[in-house]
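Notes for the one structure printed next.
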Amino acid sequence: MLLTIDVGNTQTTLGLFGGEEVVETWRISTDPRRTADELAVLLHGLMDSQGSRTAIADAKVEGLAICSSVPSVLHEFREVTRRYYGDVPAVIVEPGVKTGVHVLMDNPKEVGADRIVNALAANHLYGGPCIVVDFGTATTFDAVNARGDYVGGAIAPGIEISVEALGNRGALLRKIELTRPRNVIGKNTVEGMQSGILYGFAGQVDGLVDRMARELSKDPDDVQVIATGGLAPLVLGEAGSIDVHEPWLTLIGLRLVYERNRPS
């Protein structure tokens with residue numbers, strides 16, 4: 001089986017593939033203080049904790065694919081692959097790794113590995129032109145043209161960052177649960193904040209997607225919009241521009257990168 005690991009700023013998502021099928025997924029917090037030994041224990045524990053699911057518990061990892069937005073954590077995962085999976089082919093998405101995605105940016109090295117991997121998976125699954133909206137620590141918008149090239153995007157503060165900042169900087173405000181309020185017009189402070197966050201971000205998504213689609217294609221209706229990331233379900237029902245929800249888009253992209261780079 002192939003173990004894919006997407007290290008984000010806040011959470012790390014792991015996926016186990018049997019062929020092209022996602023067999024199991026996990027989310028853990030991204031902690032730069034964890035050592036390679038701790039990460040290895042955590043990985044083994046997750047895969048051995050499936051109870052009656054012996055297919056997972058007894059799975060043999062035959063390949064690793066990793067991308068990371070956190071350099072210090074990536075360093076520790078390199079140690080994990082060297083010390084605990086030394087006999088397993090490992091592909092880390094970084095300069096020199098074949099993705100098949102042409103990055104049409106002023107400085108291609110500035111683009112995060114996860115965004116390139118998302119572009120690859122989106123084009124593979126749905127074709128271009130398309131836009132990927134990734135709801136993570138930041139909300140990122142990535143544009144892929146009809147040829148499958150990564151042509152650029154936008155970066156906005158993430159939902160959780162905005163909620164935290166609002167609670168910290170507002171004297172009479174507080175941290176709230178991220179859930180749908182009873183009405184758009186809130187009847188109390190909590191509902192007012194929930195409305196502003198939920199419907200405000202949905203409006204942001206629709207507005208940015210509309211502008212990007214008009215730049216990306218002569219017919220904006222041809223542009224597929226794919227949502228991914230841990231907080232995507234919160235906005236899905238309110239952002240009318242989203243066509244598809246693909247929660248494991250980055251993991252699928254990692255599988256594709258692994259297939260392009262694994263030893264014969």
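Chain labels run A, B, ... following the order of the structure tokens; each chain numbers its residues from 1, and ligands are numbered from 1 in the order shown.
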>> Please extract the residues of range 71-217 of chain A with a backbone DSSP assignment of alpha helix (DSSP H) and present them as an NGL selection string.
In response: :A and (71-84 or 113-126 or 159-169 or 189-216)
Can you pull out every residue within 9 Å of Val91 in chain A, counting only C-alpha atoms, but drop anything in the same chain fewer than 6 positions away, and send it as a CSV table (one decimal) with N, CA, C and O atoms, in the first residue's frame?
chain,number,residue,atom,x,y,z
A,63,GLY,N,5.2,2.1,-0.3
A,63,GLY,CA,5.6,3.4,-0.9
A,63,GLY,C,5.2,4.6,0.0
A,63,GLY,O,4.2,4.5,0.7
A,64,LEU,N,5.9,5.7,-0.1
A,64,LEU,CA,5.6,6.9,0.7
A,64,LEU,C,5.6,8.1,-0.3
A,64,LEU,O,6.5,8.2,-1.1
A,65,ALA,N,4.7,9.0,-0.1
A,65,ALA,CA,4.6,10.2,-0.9
A,65,ALA,C,4.3,11.4,0.1
A,65,ALA,O,3.3,11.3,0.8
A,66,ILE,N,5.2,12.4,0.2
A,66,ILE,CA,5.0,13.4,1.2
A,66,ILE,C,5.2,14.8,0.5
A,66,ILE,O,6.0,15.0,-0.3
A,67,CYS,N,4.3,15.7,1.0
A,67,CYS,CA,4.5,17.2,0.7
A,67,CYS,C,4.3,17.9,2.0
A,67,CYS,O,3.6,17.5,2.9
A,97,VAL,N,11.3,17.1,-8.6
A,97,VAL,CA,10.4,16.0,-8.7
A,97,VAL,C,9.4,16.2,-9.8
A,97,VAL,O,8.9,17.3,-10.0
A,254,LEU,N,-0.8,13.4,-4.5
A,254,LEU,CA,0.5,12.8,-4.0
A,254,LEU,C,0.6,11.4,-4.6
A,254,LEU,O,1.7,11.0,-5.0
A,257,VAL,N,1.8,11.9,-8.1
A,257,VAL,CA,3.2,12.3,-8.2
A,257,VAL,C,4.1,11.0,-7.9
A,257,VAL,O,5.1,10.8,-8.5
A,258,TYR,N,3.7,10.2,-6.9
A,258,TYR,CA,4.5,9.0,-6.6
A,258,TYR,C,4.6,8.1,-7.9
A,258,TYR,O,5.6,7.6,-8.2
A,261,ASN,N,7.2,9.2,-10.3
A,261,ASN,CA,8.6,9.3,-9.8
A,261,ASN,C,9.1,8.0,-9.2
A,261,ASN,O,10.3,7.9,-8.8
A,262,ARG,N,8.2,7.0,-8.9
A,262,ARG,CA,8.7,5.8,-8.2
A,262,ARG,C,9.7,5.0,-9.0
A,262,ARG,O,9.6,5.1,-10.3
>> Please determine, counting only C-alpha atoms, which residue among A:Gly96, A:Glu259, A:Ala121, A:Ser69 has the shortest atom-to-atom distance to Leu2 in chain A.
In response: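 Comparing A:Gly96, A:Glu259, A:Ala121, A:Ser69 against Leu2 in chain A, the winner is A:Glu259.
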> Using only C-alpha atoms, which residues sit within 9 Å of range 137-154 of chain A once same-chain residues fewer than 4 positions away are excluded, as JSON, numbers by chain?
Replying inline: {"A": [8, 9, 10, 11, 100, 101, 102, 103, 104, 105, 111, 115, 116, 118, 119, 120, 122, 123, 124, 127, 128, 129, 130, 131, 132, 133, 158, 159, 160, 161, 205, 208, 209, 212, 213, 216, 217, 223, 229]}
Restricting the output to N, CA and C atoms, write the selected residues as a tab-separated table (two decimals), in the first residue's frame.
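Saved result, again.tsv, follows:
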chain	number	residue	atom	x	y	z
A	8	GLY	N	0.32	20.19	6.59
A	8	GLY	CA	-0.14	21.57	6.52
A	8	GLY	C	0.32	22.34	7.74
A	9	ASN	N	0.06	23.64	7.76
A	9	ASN	CA	0.49	24.48	8.87
A	9	ASN	C	-0.21	24.13	10.18
A	10	THR	N	-1.47	23.71	10.09
A	10	THR	CA	-2.25	23.40	11.28
A	10	THR	C	-2.47	21.91	11.46
A	11	GLN	N	-2.81	21.21	10.39
A	11	GLN	CA	-3.08	19.78	10.46
A	11	GLN	C	-2.26	19.03	9.41
A	100	GLY	N	4.52	16.96	-13.79
A	100	GLY	CA	3.79	17.12	-15.04
A	100	GLY	C	3.01	18.42	-15.11
A	101	VAL	N	3.14	19.27	-14.08
A	101	VAL	CA	2.42	20.55	-14.05
A	101	VAL	C	3.40	21.67	-14.37
A	102	HIS	N	3.13	22.42	-15.44
A	102	HIS	CA	3.93	23.60	-15.75
A	102	HIS	C	3.44	24.75	-14.88
A	103	VAL	N	4.37	25.38	-14.15
A	103	VAL	CA	4.01	26.46	-13.23
A	103	VAL	C	4.33	27.79	-13.91
A	104	LEU	N	3.29	28.49	-14.32
A	104	LEU	CA	3.46	29.75	-15.06
A	104	LEU	C	3.38	30.92	-14.09
A	105	MET	N	4.39	31.01	-13.23
A	105	MET	CA	4.47	32.07	-12.22
A	105	MET	C	5.77	32.83	-12.39
A	111	VAL	N	5.65	28.76	-5.11
A	111	VAL	CA	4.36	28.07	-5.02
A	111	VAL	C	4.51	26.84	-4.12
A	115	ARG	N	-0.07	23.07	-3.35
A	115	ARG	CA	-0.89	23.73	-4.37
A	115	ARG	C	-0.62	23.13	-5.75
A	116	ILE	N	0.63	22.76	-6.00
A	116	ILE	CA	0.96	22.09	-7.26
A	116	ILE	C	0.31	20.71	-7.31
A	118	ASN	N	-2.36	19.77	-5.71
A	118	ASN	CA	-3.80	19.97	-5.90
A	118	ASN	C	-4.13	20.23	-7.37
A	119	ALA	N	-3.32	21.06	-8.02
A	119	ALA	CA	-3.55	21.36	-9.43
A	119	ALA	C	-3.46	20.10	-10.28
A	120	LEU	N	-2.47	19.26	-9.99
A	120	LEU	CA	-2.30	18.01	-10.72
A	120	LEU	C	-3.53	17.11	-10.55
A	122	ALA	N	-6.61	17.94	-9.55
A	122	ALA	CA	-7.83	18.53	-10.11
A	122	ALA	C	-7.89	18.36	-11.61
A	123	ASN	N	-6.78	18.58	-12.28
A	123	ASN	CA	-6.75	18.41	-13.74
A	123	ASN	C	-6.93	16.95	-14.13
A	124	HIS	N	-6.35	16.05	-13.34
A	124	HIS	CA	-6.47	14.62	-13.62
A	124	HIS	C	-7.92	14.15	-13.47
A	127	GLY	N	-10.23	17.77	-15.35
A	127	GLY	CA	-9.79	18.50	-16.52
A	127	GLY	C	-9.78	20.00	-16.29
A	128	GLY	N	-9.11	20.72	-17.21
A	128	GLY	CA	-9.07	22.17	-17.11
A	128	GLY	C	-9.99	22.79	-18.14
A	129	PRO	N	-10.30	24.06	-17.96
A	129	PRO	CA	-9.84	24.92	-16.86
A	129	PRO	C	-10.61	24.63	-15.58
A	130	CYS	N	-9.90	24.84	-14.45
A	130	CYS	CA	-10.54	24.62	-13.17
A	130	CYS	C	-9.90	25.49	-12.11
A	131	ILE	N	-10.60	25.63	-11.01
A	131	ILE	CA	-10.11	26.39	-9.86
A	131	ILE	C	-10.25	25.51	-8.63
A	132	VAL	N	-9.17	25.42	-7.86
A	132	VAL	CA	-9.18	24.67	-6.60
A	132	VAL	C	-9.26	25.66	-5.45
A	133	VAL	N	-10.26	25.48	-4.59
A	133	VAL	CA	-10.38	26.29	-3.38
A	133	VAL	C	-10.07	25.38	-2.19
A	158	GLY	N	-7.46	32.25	6.43
A	158	GLY	CA	-8.34	31.10	6.62
A	158	GLY	C	-9.46	31.41	7.60
A	159	ILE	N	-10.45	30.53	7.62
A	159	ILE	CA	-11.63	30.74	8.47
A	159	ILE	C	-11.24	30.73	9.95
A	160	GLU	N	-10.46	29.74	10.38
A	160	GLU	CA	-10.11	29.65	11.79
A	160	GLU	C	-9.23	30.82	12.22
A	161	ILE	N	-8.32	31.26	11.35
A	161	ILE	CA	-7.49	32.41	11.67
A	161	ILE	C	-8.35	33.64	11.89
A	205	VAL	N	-15.66	33.55	-1.44
A	205	VAL	CA	-15.37	32.47	-2.39
A	205	VAL	C	-16.06	32.74	-3.72
A	208	LEU	N	-14.39	35.83	-5.59
A	208	LEU	CA	-13.06	35.57	-6.15
A	208	LEU	C	-13.12	34.56	-7.29
A	209	VAL	N	-13.91	33.50	-7.09
A	209	VAL	CA	-14.04	32.49	-8.14
A	209	VAL	C	-14.60	33.11	-9.41
A	212	MET	N	-11.83	35.15	-11.08
A	212	MET	CA	-10.78	34.29	-11.62
A	212	MET	C	-11.27	33.53	-12.85
A	213	ALA	N	-12.51	33.05	-12.82
A	213	ALA	CA	-13.05	32.29	-13.94
A	213	ALA	C	-13.13	33.15	-15.20
A	216	LEU	N	-9.74	33.27	-16.57
A	216	LEU	CA	-9.20	31.97	-16.95
A	216	LEU	C	-9.78	31.45	-18.25
A	217	SER	N	-11.02	31.81	-18.57
A	217	SER	CA	-11.68	31.25	-19.75
A	217	SER	C	-12.61	32.27	-20.39
A	223	VAL	N	-15.48	26.60	-16.41
A	223	VAL	CA	-14.48	26.42	-15.35
A	223	VAL	C	-15.07	25.62	-14.20
A	229	GLY	N	-9.93	20.60	1.58
A	229	GLY	CA	-9.48	21.14	2.86
A	229	GLY	C	-10.45	20.83	3.98
>> Could you pull out the strand (DSSP E) residues of range 3-205 of chain A, going by DSSP on the backbone, and write them as an MDAnalysis selection string?
In response: chainID A and resid 3:7 11:18 21:29 63:68 90:92 130:135 138:144 150:157
>> Give me the residues near Glu38 in chain A as a list in words, where near means some atom within 10 Å (using only C-alpha atoms) and where sequence neighbours in that chain fewer than 5 positions away do not count.
In response: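 That gives Arg33, Leu43, Glu76 and Val80 of chain A.
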> Of the candidates A:Gly136, A:Pro263, A:Gly203, A:Gly230, which one gets nearest to Arg27 in chain A if we count only C-alpha atoms?
Replying inline: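 Once distances to Arg27 in chain A are computed over only C-alpha atoms, the minimum belongs to A:Gly230.
Pairwise distance (CA of Val163 in chain A, CA of Ile5 in chain A) equals 27.1 Å.
From CA of Asp106 in chain A back to CA of Lys218 in chain A, the distance works out to 23.3 Å.
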>> What's around Gly196 in chain A at 9 Å? Count only C-alpha atoms, leave out sequence neighbours fewer than 4 positions away in its own chain, and write the answer as a list in words.
In response: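 Contacts, with the query itself left out: Val184, Gly186, Glu191, Gly192, Gly200 and Phe201 of chain A.
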Could you turn the residues from that selection into a file that holds N, CA and C atoms, as a PDB file, in the first residue's frame?
ATOM      1  N   VAL A 184     -29.396  34.562   8.947  1.00  0.00           N
ATOM      2  CA  VAL A 184     -28.317  35.442   8.508  1.00  0.00           C
ATOM      3  C   VAL A 184     -28.250  36.664   9.424  1.00  0.00           C
ATOM      4  N   GLY A 186     -28.213  37.794  12.763  1.00  0.00           N
ATOM      5  CA  GLY A 186     -28.033  37.184  14.067  1.00  0.00           C
ATOM      6  C   GLY A 186     -28.824  37.892  15.154  1.00  0.00           C
ATOM      7  N   GLU A 191     -24.362  34.450  17.250  1.00  0.00           N
ATOM      8  CA  GLU A 191     -24.964  34.220  15.940  1.00  0.00           C
ATOM      9  C   GLU A 191     -24.512  35.268  14.933  1.00  0.00           C
ATOM     10  N   GLY A 192     -24.332  36.501  15.393  1.00  0.00           N
ATOM     11  CA  GLY A 192     -23.847  37.536  14.494  1.00  0.00           C
ATOM     12  C   GLY A 192     -22.451  37.235  13.979  1.00  0.00           C
ATOM     13  N   GLY A 200     -19.930  35.486   5.114  1.00  0.00           N
ATOM     14  CA  GLY A 200     -18.874  36.352   4.598  1.00  0.00           C
ATOM     15  C   GLY A 200     -17.856  35.582   3.776  1.00  0.00           C
ATOM     16  N   PHE A 201     -17.456  34.406   4.266  1.00  0.00           N
ATOM     17  CA  PHE A 201     -16.493  33.593   3.519  1.00  0.00           C
ATOM     18  C   PHE A 201     -17.131  32.995   2.267  1.00  0.00           C
TER      19      PHE A 201
END
>> Ranking A:Pro95, A:Val235, A:Asp134, A:Thr179 by minimum distance to Trp248 in chain A and counting only C-alpha atoms, which one comes first?
In response: A:Asp134
